[in-house]
$ cat structure32.cif   # mmCIF, C-alpha atoms
data_final
#
loop_
_atom_site.group_PDB
_atom_site.id
_atom_site.type_symbol
_atom_site.label_atom_id
_atom_site.label_comp_id
_atom_site.auth_asym_id
_atom_site.auth_seq_id
_atom_site.Cartn_x
_atom_site.Cartn_y
_atom_site.Cartn_z
ATOM 1 C CA MET C 12 2.442 -0.097 -8.953
ATOM 2 C CA ASN C 13 1.673 2.338 -11.717
ATOM 3 C CA ASP C 14 4.051 5.096 -12.826
ATOM 4 C CA SER C 15 6.349 4.706 -9.832
ATOM 5 C CA ASP C 16 9.844 6.153 -9.477
ATOM 6 C CA ARG C 17 10.883 2.960 -7.731
ATOM 7 C CA ASP C 18 10.569 0.997 -10.980
ATOM 8 C CA GLN C 19 13.071 3.046 -12.965
ATOM 9 C CA PRO C 20 15.632 0.948 -14.887
ATOM 10 C CA GLY C 21 18.653 0.219 -12.751
ATOM 11 C CA ALA C 22 16.723 0.410 -9.510
ATOM 12 C CA GLU C 23 17.502 -2.359 -7.024
ATOM 13 C CA ARG C 24 15.288 -5.398 -7.528
ATOM 14 C CA ARG C 25 13.170 -6.632 -4.643
ATOM 15 C CA ARG C 26 13.761 -10.251 -3.672
ATOM 16 C CA GLY C 27 11.895 -12.798 -1.605
ATOM 17 C CA ILE C 28 8.978 -12.229 0.716
ATOM 18 C CA ARG C 29 8.307 -8.518 1.070
ATOM 19 C CA SER C 30 7.003 -6.986 4.277
ATOM 20 C CA TYR C 31 5.207 -3.872 5.356
ATOM 21 C CA VAL C 32 4.756 -2.310 8.760
ATOM 22 C CA LEU C 33 1.898 -0.162 9.900
ATOM 23 C CA ARG C 34 2.578 2.458 12.570
ATOM 24 C CA GLN C 35 0.329 4.560 14.774
ATOM 25 C CA GLY C 36 1.049 6.843 17.699
ATOM 26 C CA ARG C 37 4.131 8.578 19.135
ATOM 27 C CA MET C 38 7.599 7.237 18.316
ATOM 28 C CA SER C 39 10.301 6.789 20.901
ATOM 29 C CA VAL C 40 13.882 7.597 19.893
ATOM 30 C CA ALA C 41 14.573 3.886 19.490
ATOM 31 C CA GLN C 42 11.480 3.397 17.341
ATOM 32 C CA LYS C 43 12.427 6.356 15.141
ATOM 33 C CA ARG C 44 15.916 4.884 14.726
ATOM 34 C CA ALA C 45 14.441 1.542 13.702
ATOM 35 C CA TYR C 46 12.185 3.380 11.254
ATOM 36 C CA ASP C 47 15.140 5.190 9.694
ATOM 37 C CA GLN C 48 17.044 1.939 9.298
ATOM 38 C CA LEU C 49 14.421 0.333 7.074
ATOM 39 C CA LEU C 50 15.708 -0.075 3.540
ATOM 40 C CA ALA C 51 12.598 1.329 1.889
ATOM 41 C CA GLN C 52 9.188 2.494 2.861
ATOM 42 C CA TYR C 53 5.730 2.080 1.441
ATOM 43 C CA ALA C 54 3.070 4.213 3.058
ATOM 44 C CA ILE C 55 -0.687 4.528 3.043
ATOM 45 C CA ALA C 56 -1.127 7.461 5.404
ATOM 46 C CA PHE C 57 -4.052 9.627 6.387
ATOM 47 C CA SER C 58 -4.524 12.618 8.617
ATOM 48 C CA PRO C 59 -7.255 15.121 9.387
ATOM 49 C CA GLN C 60 -4.588 17.799 9.779
ATOM 50 C CA ALA C 61 -1.855 19.171 7.542
ATOM 51 C CA LEU C 62 1.148 17.472 9.117
ATOM 52 C CA ASP C 63 4.818 18.370 9.229
ATOM 53 C CA THR C 64 7.437 15.650 9.683
ATOM 54 C CA ASP C 65 7.735 15.990 13.448
ATOM 55 C CA ARG C 66 3.998 15.956 14.114
ATOM 56 C CA ALA C 67 3.636 12.943 11.791
ATOM 57 C CA PHE C 68 5.416 10.901 14.420
ATOM 58 C CA GLY C 69 3.792 12.609 17.406
ATOM 59 C CA ARG C 70 0.293 12.636 18.781
ATOM 60 C CA HIS C 71 -1.214 13.504 15.369
ATOM 61 C CA ALA C 72 0.530 10.550 13.708
ATOM 62 C CA PRO C 73 -1.160 9.252 10.560
ATOM 63 C CA THR C 74 -1.475 5.573 9.815
ATOM 64 C CA VAL C 75 1.614 4.510 7.865
ATOM 65 C CA LEU C 76 2.355 1.317 5.969
ATOM 66 C CA GLU C 77 6.023 0.677 5.141
ATOM 67 C CA ILE C 78 7.884 -1.875 3.071
ATOM 68 C CA GLY C 79 11.136 -3.725 3.774
ATOM 69 C CA PHE C 80 13.201 -6.181 1.750
ATOM 70 C CA GLY C 81 14.047 -9.846 2.292
ATOM 71 C CA MET C 82 11.973 -12.557 3.933
ATOM 72 C CA GLY C 83 10.264 -10.212 6.392
ATOM 73 C CA GLU C 84 12.411 -10.776 9.452
ATOM 74 C CA THR C 85 13.209 -7.086 9.936
ATOM 75 C CA THR C 86 9.666 -5.762 9.890
ATOM 76 C CA ALA C 87 8.325 -8.781 11.766
ATOM 77 C CA ALA C 88 10.930 -8.212 14.467
ATOM 78 C CA ILE C 89 9.950 -4.541 14.735
ATOM 79 C CA ALA C 90 6.281 -5.521 14.942
ATOM 80 C CA HIS C 91 6.950 -8.017 17.713
ATOM 81 C CA ALA C 92 9.096 -5.495 19.577
ATOM 82 C CA HIS C 93 6.327 -2.859 19.446
ATOM 83 C CA PRO C 94 2.972 -4.689 19.699
ATOM 84 C CA GLY C 95 0.001 -2.475 18.978
ATOM 85 C CA PHE C 96 2.255 0.095 17.360
ATOM 86 C CA VAL C 97 3.773 -1.713 14.370
ATOM 87 C CA PHE C 98 1.952 -4.235 12.179
ATOM 88 C CA ALA C 99 3.597 -6.352 9.477
ATOM 89 C CA THR C 100 2.386 -7.854 6.188
ATOM 90 C CA ALA C 101 4.175 -10.067 3.664
ATOM 91 C CA GLY C 102 4.055 -11.005 -0.003
ATOM 92 C CA VAL C 103 6.030 -11.597 -3.196
ATOM 93 C CA HIS C 104 6.288 -8.688 -5.650
ATOM 94 C CA PRO C 105 5.576 -9.412 -9.333
ATOM 95 C CA HIS C 106 9.164 -8.495 -10.202
ATOM 96 C CA ASP C 107 10.134 -11.571 -8.165
ATOM 97 C CA GLY C 108 7.537 -13.898 -9.642
ATOM 98 C CA ALA C 109 10.230 -16.074 -11.228
ATOM 99 C CA GLU C 110 11.684 -16.673 -7.765
ATOM 100 C CA PHE C 111 8.361 -17.552 -6.172
ATOM 101 C CA ASP C 112 8.576 -21.090 -4.779
ATOM 102 C CA PRO C 113 5.132 -22.665 -4.292
ATOM 103 C CA ASN C 114 6.672 -25.206 -1.921
ATOM 104 C CA ARG C 115 8.346 -22.573 0.259
ATOM 105 C CA ASP C 116 6.834 -19.104 0.024
ATOM 106 C CA PRO C 117 3.173 -19.803 0.891
ATOM 107 C CA ASP C 118 4.265 -21.416 4.149
ATOM 108 C CA ALA C 119 6.543 -18.453 4.878
ATOM 109 C CA ILE C 120 3.635 -16.074 4.341
ATOM 110 C CA ARG C 121 1.381 -18.246 6.503
ATOM 111 C CA ASP C 122 3.953 -18.118 9.297
ATOM 112 C CA LEU C 123 4.101 -14.308 9.109
ATOM 113 C CA VAL C 124 0.309 -14.081 9.190
ATOM 114 C CA ARG C 125 0.173 -16.400 12.197
ATOM 115 C CA GLY C 126 2.703 -14.064 13.770
ATOM 116 C CA GLY C 127 0.377 -11.093 13.299
ATOM 117 C CA ALA C 128 0.714 -9.885 9.695
ATOM 118 C CA VAL C 129 -2.361 -7.884 8.712
ATOM 119 C CA ALA C 130 -2.279 -8.231 4.903
ATOM 120 C CA ILE C 131 -0.747 -10.058 1.933
ATOM 121 C CA GLY C 132 1.459 -8.098 -0.438
ATOM 122 C CA GLU C 133 2.646 -6.286 -2.208
ATOM 123 C CA CYS C 134 1.794 -8.689 -4.958
ATOM 124 C CA GLY C 135 0.289 -8.414 -8.424
ATOM 125 C CA LEU C 136 1.313 -8.057 -12.069
ATOM 126 C CA ASP C 137 3.844 -5.794 -13.800
ATOM 127 C CA TYR C 138 3.961 -6.148 -17.577
ATOM 128 C CA HIS C 139 5.865 -2.881 -18.044
ATOM 129 C CA TYR C 140 9.292 -4.145 -16.987
ATOM 130 C CA ASP C 141 8.579 -7.876 -17.193
ATOM 131 C CA HIS C 142 11.365 -8.629 -14.723
ATOM 132 C CA SER C 143 9.710 -12.040 -14.358
ATOM 133 C CA PRO C 144 7.919 -13.997 -17.108
ATOM 134 C CA ARG C 145 4.257 -13.124 -17.147
ATOM 135 C CA GLU C 146 3.056 -16.668 -16.551
ATOM 136 C CA LEU C 147 5.223 -16.835 -13.427
ATOM 137 C CA GLN C 148 3.893 -13.474 -12.249
ATOM 138 C CA ARG C 149 0.364 -14.801 -12.643
ATOM 139 C CA ARG C 150 1.257 -17.988 -10.784
ATOM 140 C CA ALA C 151 2.679 -16.065 -7.818
ATOM 141 C CA PHE C 152 -0.249 -13.611 -7.792
ATOM 142 C CA ALA C 153 -2.844 -16.381 -7.954
ATOM 143 C CA ALA C 154 -1.180 -18.241 -5.095
ATOM 144 C CA GLN C 155 -1.212 -15.126 -2.931
ATOM 145 C CA LEU C 156 -4.830 -14.345 -3.733
ATOM 146 C CA GLU C 157 -5.671 -17.868 -2.642
ATOM 147 C CA LEU C 158 -3.650 -17.353 0.563
ATOM 148 C CA ALA C 159 -5.603 -14.164 1.218
ATOM 149 C CA ARG C 160 -8.836 -16.155 0.899
ATOM 150 C CA GLU C 161 -7.547 -18.970 3.079
ATOM 151 C CA LEU C 162 -6.149 -16.668 5.779
ATOM 152 C CA ASP C 163 -8.882 -14.006 5.573
ATOM 153 C CA ARG C 164 -6.419 -11.164 5.012
ATOM 154 C CA PRO C 165 -6.631 -8.254 2.548
ATOM 155 C CA VAL C 166 -4.265 -7.953 -0.414
ATOM 156 C CA VAL C 167 -2.132 -4.967 -1.472
ATOM 157 C CA VAL C 168 -1.941 -5.139 -5.272
ATOM 158 C CA HIS C 169 0.592 -3.693 -7.691
ATOM 159 C CA THR C 170 -0.570 -3.520 -11.296
ATOM 160 C CA ARG C 171 1.161 -1.916 -14.256
ATOM 161 C CA GLU C 172 0.259 -2.381 -17.915
ATOM 162 C CA ALA C 173 -1.504 -5.627 -16.992
ATOM 163 C CA GLU C 174 -5.091 -4.436 -17.002
ATOM 164 C CA ALA C 175 -6.886 -7.404 -18.538
ATOM 165 C CA ASP C 176 -5.219 -10.048 -16.403
ATOM 166 C CA THR C 177 -5.429 -7.950 -13.235
ATOM 167 C CA LEU C 178 -9.120 -7.276 -13.837
ATOM 168 C CA ALA C 179 -9.845 -10.958 -14.384
ATOM 169 C CA MET C 180 -7.874 -12.151 -11.360
ATOM 170 C CA VAL C 181 -9.115 -9.452 -8.971
ATOM 171 C CA SER C 182 -12.716 -9.974 -10.060
ATOM 172 C CA GLU C 183 -12.497 -13.725 -9.543
ATOM 173 C CA ALA C 184 -10.806 -13.288 -6.154
ATOM 174 C CA GLY C 185 -13.337 -10.701 -5.073
ATOM 175 C CA ARG C 186 -16.228 -12.985 -5.938
ATOM 176 C CA ALA C 187 -14.540 -15.608 -3.758
ATOM 177 C CA GLY C 188 -14.526 -13.178 -0.836
ATOM 178 C CA VAL C 189 -11.000 -11.773 -1.095
ATOM 179 C CA ARG C 190 -10.728 -8.067 -0.270
ATOM 180 C CA GLY C 191 -7.877 -5.751 -1.184
ATOM 181 C CA VAL C 192 -6.593 -2.464 -2.552
ATOM 182 C CA LEU C 193 -5.226 -1.366 -5.922
ATOM 183 C CA HIS C 194 -2.339 0.670 -4.582
ATOM 184 C CA CYS C 195 -0.720 3.774 -6.107
ATOM 185 C CA TYR C 196 -3.412 3.585 -8.753
ATOM 186 C CA THR C 197 -3.225 5.354 -12.115
ATOM 187 C CA GLY C 198 -4.929 2.722 -14.257
ATOM 188 C CA SER C 199 -8.154 2.607 -16.193
ATOM 189 C CA HIS C 200 -11.643 3.429 -14.987
ATOM 190 C CA ALA C 201 -12.718 -0.070 -16.036
ATOM 191 C CA LEU C 202 -10.260 -1.816 -13.726
ATOM 192 C CA ALA C 203 -11.100 0.496 -10.822
ATOM 193 C CA GLU C 204 -14.831 -0.085 -11.344
ATOM 194 C CA ALA C 205 -14.324 -3.854 -11.503
ATOM 195 C CA ALA C 206 -12.358 -3.847 -8.255
ATOM 196 C CA ILE C 207 -14.920 -1.641 -6.526
ATOM 197 C CA ALA C 208 -17.721 -3.910 -7.749
ATOM 198 C CA VAL C 209 -16.255 -6.819 -5.766
ATOM 199 C CA GLY C 210 -15.672 -4.767 -2.633
ATOM 200 C CA TRP C 211 -12.082 -3.615 -3.169
ATOM 201 C CA TYR C 212 -10.457 -0.247 -2.460
ATOM 202 C CA VAL C 213 -8.478 2.136 -4.684
ATOM 203 C CA SER C 214 -5.511 4.139 -3.381
ATOM 204 C CA PHE C 215 -3.982 7.325 -4.796
ATOM 205 C CA SER C 216 -0.424 8.560 -4.307
ATOM 206 C CA GLY C 217 1.493 11.802 -4.867
ATOM 207 C CA ILE C 218 1.242 11.185 -8.613
ATOM 208 C CA VAL C 219 -2.119 12.992 -8.518
ATOM 209 C CA THR C 220 -0.288 16.212 -7.536
ATOM 210 C CA PHE C 221 2.048 16.081 -10.543
ATOM 211 C CA LYS C 222 1.637 18.415 -13.486
ATOM 212 C CA ARG C 223 1.085 15.504 -15.878
ATOM 213 C CA TRP C 224 -1.876 14.134 -13.899
ATOM 214 C CA ASP C 225 -5.055 14.609 -15.947
ATOM 215 C CA ASP C 226 -7.674 12.195 -14.587
ATOM 216 C CA ASP C 227 -9.551 13.771 -11.701
ATOM 217 C CA ALA C 228 -12.580 11.866 -12.962
ATOM 218 C CA LEU C 229 -10.861 8.686 -11.751
ATOM 219 C CA ILE C 230 -10.453 10.219 -8.284
ATOM 220 C CA ARG C 231 -14.144 11.084 -8.215
ATOM 221 C CA LEU C 232 -15.173 7.650 -9.491
ATOM 222 C CA VAL C 233 -14.163 5.875 -6.259
ATOM 223 C CA PRO C 234 -16.922 5.810 -3.615
ATOM 224 C CA ASP C 235 -16.368 7.500 -0.258
ATOM 225 C CA ASP C 236 -16.057 4.187 1.552
ATOM 226 C CA ARG C 237 -13.490 2.723 -0.879
ATOM 227 C CA VAL C 238 -10.937 5.495 -1.376
ATOM 228 C CA LEU C 239 -7.460 5.463 0.188
ATOM 229 C CA VAL C 240 -4.492 7.819 -0.099
ATOM 230 C CA GLU C 241 -0.834 6.832 0.146
ATOM 231 C CA SER C 242 2.647 8.308 0.118
ATOM 232 C CA ASP C 243 4.662 5.392 -1.337
ATOM 233 C CA ALA C 244 7.585 6.946 0.571
ATOM 234 C CA PRO C 245 10.455 7.316 -0.096
ATOM 235 C CA TYR C 246 9.234 7.576 -3.695
ATOM 236 C CA LEU C 247 6.749 9.890 -5.418
ATOM 237 C CA ALA C 248 7.058 12.931 -3.151
ATOM 238 C CA PRO C 249 4.029 15.120 -3.870
ATOM 239 C CA VAL C 250 4.148 18.701 -5.100
ATOM 240 C CA PRO C 251 5.483 20.977 -3.538
ATOM 241 C CA GLN C 252 8.113 18.487 -2.308
ATOM 242 C CA ARG C 253 8.598 16.877 -5.726
ATOM 243 C CA GLY C 254 12.131 15.624 -6.305
ATOM 244 C CA LYS C 255 12.941 15.114 -2.636
ATOM 245 C CA ARG C 256 13.056 11.897 -0.645
ATOM 246 C CA ASN C 257 9.416 11.393 0.244
ATOM 247 C CA GLU C 258 8.213 11.460 3.859
ATOM 248 C CA PRO C 259 5.006 9.900 5.197
ATOM 249 C CA ALA C 260 3.967 13.277 6.641
ATOM 250 C CA TRP C 261 3.805 14.760 3.150
ATOM 251 C CA VAL C 262 0.789 12.606 2.356
ATOM 252 C CA SER C 263 -1.156 15.601 3.636
ATOM 253 C CA PHE C 264 -0.501 17.265 0.255
ATOM 254 C CA THR C 265 -1.986 14.269 -1.529
ATOM 255 C CA VAL C 266 -4.929 14.222 0.870
ATOM 256 C CA ALA C 267 -5.558 17.889 0.050
ATOM 257 C CA ARG C 268 -5.301 17.269 -3.708
ATOM 258 C CA VAL C 269 -7.664 14.271 -3.670
ATOM 259 C CA ALA C 270 -10.083 16.177 -1.439
ATOM 260 C CA ALA C 271 -10.047 19.119 -3.873
ATOM 261 C CA ALA C 272 -10.757 16.823 -6.826
ATOM 262 C CA ARG C 273 -13.690 15.341 -4.918
ATOM 263 C CA GLY C 274 -14.959 18.739 -3.746
ATOM 264 C CA VAL C 275 -14.711 18.028 -0.009
ATOM 265 C CA ASP C 276 -12.877 19.523 2.943
ATOM 266 C CA PRO C 277 -9.417 17.947 3.447
ATOM 267 C CA SER C 278 -10.057 17.367 7.149
ATOM 268 C CA VAL C 279 -13.319 15.568 6.439
ATOM 269 C CA PHE C 280 -11.729 13.532 3.666
ATOM 270 C CA GLY C 281 -8.690 12.639 5.801
ATOM 271 C CA LYS C 282 -10.875 11.220 8.555
ATOM 272 C CA MET C 283 -12.928 9.284 6.025
ATOM 273 C CA ALA C 284 -9.832 7.806 4.379
ATOM 274 C CA ALA C 285 -8.382 6.894 7.774
ATOM 275 C CA ALA C 286 -11.585 5.049 8.659
ATOM 276 C CA ASN C 287 -11.374 3.199 5.344
ATOM 277 C CA THR C 288 -7.803 2.139 6.130
ATOM 278 C CA ALA C 289 -8.783 0.836 9.555
ATOM 279 C CA ARG C 290 -11.687 -1.100 8.044
ATOM 280 C CA LEU C 291 -9.643 -2.683 5.255
ATOM 281 C CA PHE C 292 -6.734 -3.793 7.429
ATOM 282 C CA GLY C 293 -8.751 -4.542 10.544
ATOM 283 C CA LEU C 294 -6.913 -1.989 12.675
ATOM 284 C CA PRO C 295 -7.842 0.261 15.564
ATOM 285 C CA LEU C 296 -8.317 3.854 14.454
ATOM 286 C CA ALA C 297 -6.321 5.923 16.922
ATOM 287 C CA TRP C 298 -5.198 9.512 16.801
ATOM 288 C CA SER C 299 -5.549 12.534 19.028
ATOM 289 C CA GLU C 300 -7.987 15.185 17.939
ATOM 290 C CA SER C 301 -6.353 17.677 20.319
#

$ encode --input "structure32.cif" --output "structure tokens"
Amino acid sequence: MNDSDRDQPGAERRRGIRSYVLRQGRMSVAQKRAYDQLLAQYAIAFSPQALDTDRAFGRHAPTVLEIGFGMGETTAAIAHAHPGFVFATAGVHPHDGAEFDPNRDPDAIRDLVRGGAVAIGECGLDYHYDHSPRELQRRAFAAQLELARELDRPVVVHTREAEADTLAMVSEAGRAGVRGVLHCYTGSHALAEAAIAVGWYVSFSGIVTFKRWDDDALIRLVPDDRVLVESDAPYLAPVPQRGKRNEPAWVSFTVARVAAARGVDPSVFGKMAAANTARLFGLPLAWSES
């Protein structure tokens, strides 16, 4: 991830296989409780409406991708308990590259995919903090890109201050048929263009609403059929909620900001981004227009 609050020094390190869940539709009380019990959340969320927190989990629910810690048991269990409502993915974060075990972790990821995981990740390269040696980050990333090819699943990629290596590895994977997304992207135009050239997507977070953001040209560079928007909740709450614990519903502010930069109506852009999400992750696109 680029420029993320979650990577501040002293923040808890992620360990082991990481998992995401994707939610659609109305939450029951039990489902909302399970949601609140997750240790952390990663979200790529879209909506054709401006959503408040309650409506985000009602009939106008956006598509939300969340992250948990550990080997993936928690999110996998939630996915199995709520088929068609929650979808899991798994991967090893670059911070944990030194702990990646090529004799253990690929099989664990395979098992999660066989159990219904829709994507590999979050994986990638982070040369800003270098919590793991760079060669071990590259080893773990390469193994997961190969798993994505083998299992025909998309990849959610974190990249920070690792442009040259990310560009080379994503380009090679893309030419081999691997698809994916550069998530929470604030990197160079060159890396975005290289990813797009091999069929990948680029996702923007609440960072684009911050005062320091100064690259609307990057937002406009991404084609209509390759652009995503995410919350990265509970981090990176967009303006005007900056400084608070982020909520998936607040992605509507990011949707509006990206739409403004691209010169399109937020409702039109939200529907387009939702369709892109469904296409990338192979999901049904379901929300109520009423």

$ closest_residue --input "structure32.cif" --among "C:His194, C:His106, C:Arg253, C:Lys222" --to "Ala206 of chain C" --atoms "all atoms listed in the file"
C:His194

$ residues_around --input "structure32.cif" --residues "Arg150 of chain C" --least-positions-apart "6" --cutoff "9 Å" --atoms "all atoms listed in the file" --output "ChimeraX atom specification"
/C:108,111,113

$ atom_distance --input "structure32.cif" --atom1 "atom CA of Val233 of chain C" --atom2 "atom CA of Ala153 of chain C"
25.0 Å

$ residues_around --input "structure32.cif" --residues "Val250 of chain C" --least-positions-apart "3" --cutoff "9 Å" --atoms "all atoms listed in the file" --output "PDB file with C-alpha atoms, in the coordinates of the input"
ATOM      1  CA  GLY C 217       1.493  11.802  -4.867  1.00  0.00           C
ATOM      2  CA  ILE C 218       1.242  11.185  -8.613  1.00  0.00           C
ATOM      3  CA  THR C 220      -0.288  16.212  -7.536  1.00  0.00           C
ATOM      4  CA  PHE C 221       2.048  16.081 -10.543  1.00  0.00           C
ATOM      5  CA  LYS C 222       1.637  18.415 -13.486  1.00  0.00           C
ATOM      6  CA  ARG C 253       8.598  16.877  -5.726  1.00  0.00           C
ATOM      7  CA  GLY C 254      12.131  15.624  -6.305  1.00  0.00           C
ATOM      8  CA  PHE C 264      -0.501  17.265   0.255  1.00  0.00           C
ATOM      9  CA  THR C 265      -1.986  14.269  -1.529  1.00  0.00           C
TER      10      THR C 265
END

$ residues_around --input "structure32.cif" --residues "segment 170-183 of chain C" --least-positions-apart "5" --cutoff "8 Å" --atoms "all atoms listed in the file" --output "ChimeraX atom specification"
/C:12-14,135-139,153,193,198-199,202,205-206,209

$ closest_residue --input "structure32.cif" --among "C:Val168, C:Ala187, C:Val240, C:Ala270" --to "Ala130 of chain C" --atoms "only C-alpha atoms"
C:Val168

$ closest_residue --input "structure32.cif" --among "C:Asp227, C:Glu146, C:Glu110, C:Glu258" --to "Asp243 of chain C" --atoms "only C-alpha atoms"
C:Glu258
